[in-house]
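Right, one structure below, let's go through it.
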Amino acid sequence: MIGFSTAFGFQCYNKSAIAKEVKQQMLSLCSTDSGCQNSLNAHFKECFDSSFRMGSRHRSSSLDSNKLASCINSNAGAEYFAAY
């Protein structure tokens, strides 16, 4: 049980660290647009959570950046980020 809780705790920390880094990168992309910054701050957590996969014992975690960008754009009602 201790091994499971340690591994799960590390996965949650990893997700948090990735979220923080991705959000900082996205904020730097829209540093001159207050509407973009406001939309990112309002919708990032929800969109990140729906775009991030925790992974498993045999697969690493992953982020679908296209899904993240599309989600933020859709919720904002504007095309702030390009999704390829």
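A note on labels: chains of the structure tokens are A, B, ... as shown, every chain counts residues from 1, and ligands are counted from 1 in their shown order.
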Margin query: Give me, as a PyMOL selection string, all polymer residues having an atom no more than 10 Å from Ser65 of chain A, counting only C-alpha atoms and skipping those fewer than 3 positions away in the same chain.
Written below: chain A and resi 22+48+51-52+62+68-71+82-84
Notebook entry, point to check: If you count only C-alpha atoms, which residues fall within 9 Å of Ala78 of chain A, apart from same-chain ones fewer than 5 positions away, as a list in words?
Noted result: Cys36, Ile72 and Asn73 of chain A
Note to self: From the options A:Lys67, A:Arg59, A:Arg53, A:Lys45, which residue's atoms come nearest to Ala19 of chain A, counting only C-alpha atoms?
What the structure shows: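 Of the candidates, the smallest distance to Ala19 of chain A is held by A:Lys45.
Of the residues under consideration (A:Lys23, A:Asn66, A:Ile18, A:Ser28), A:Lys23 shows the shortest atom-to-atom contact distance to Leu40 of chain A when counting only C-alpha atoms.
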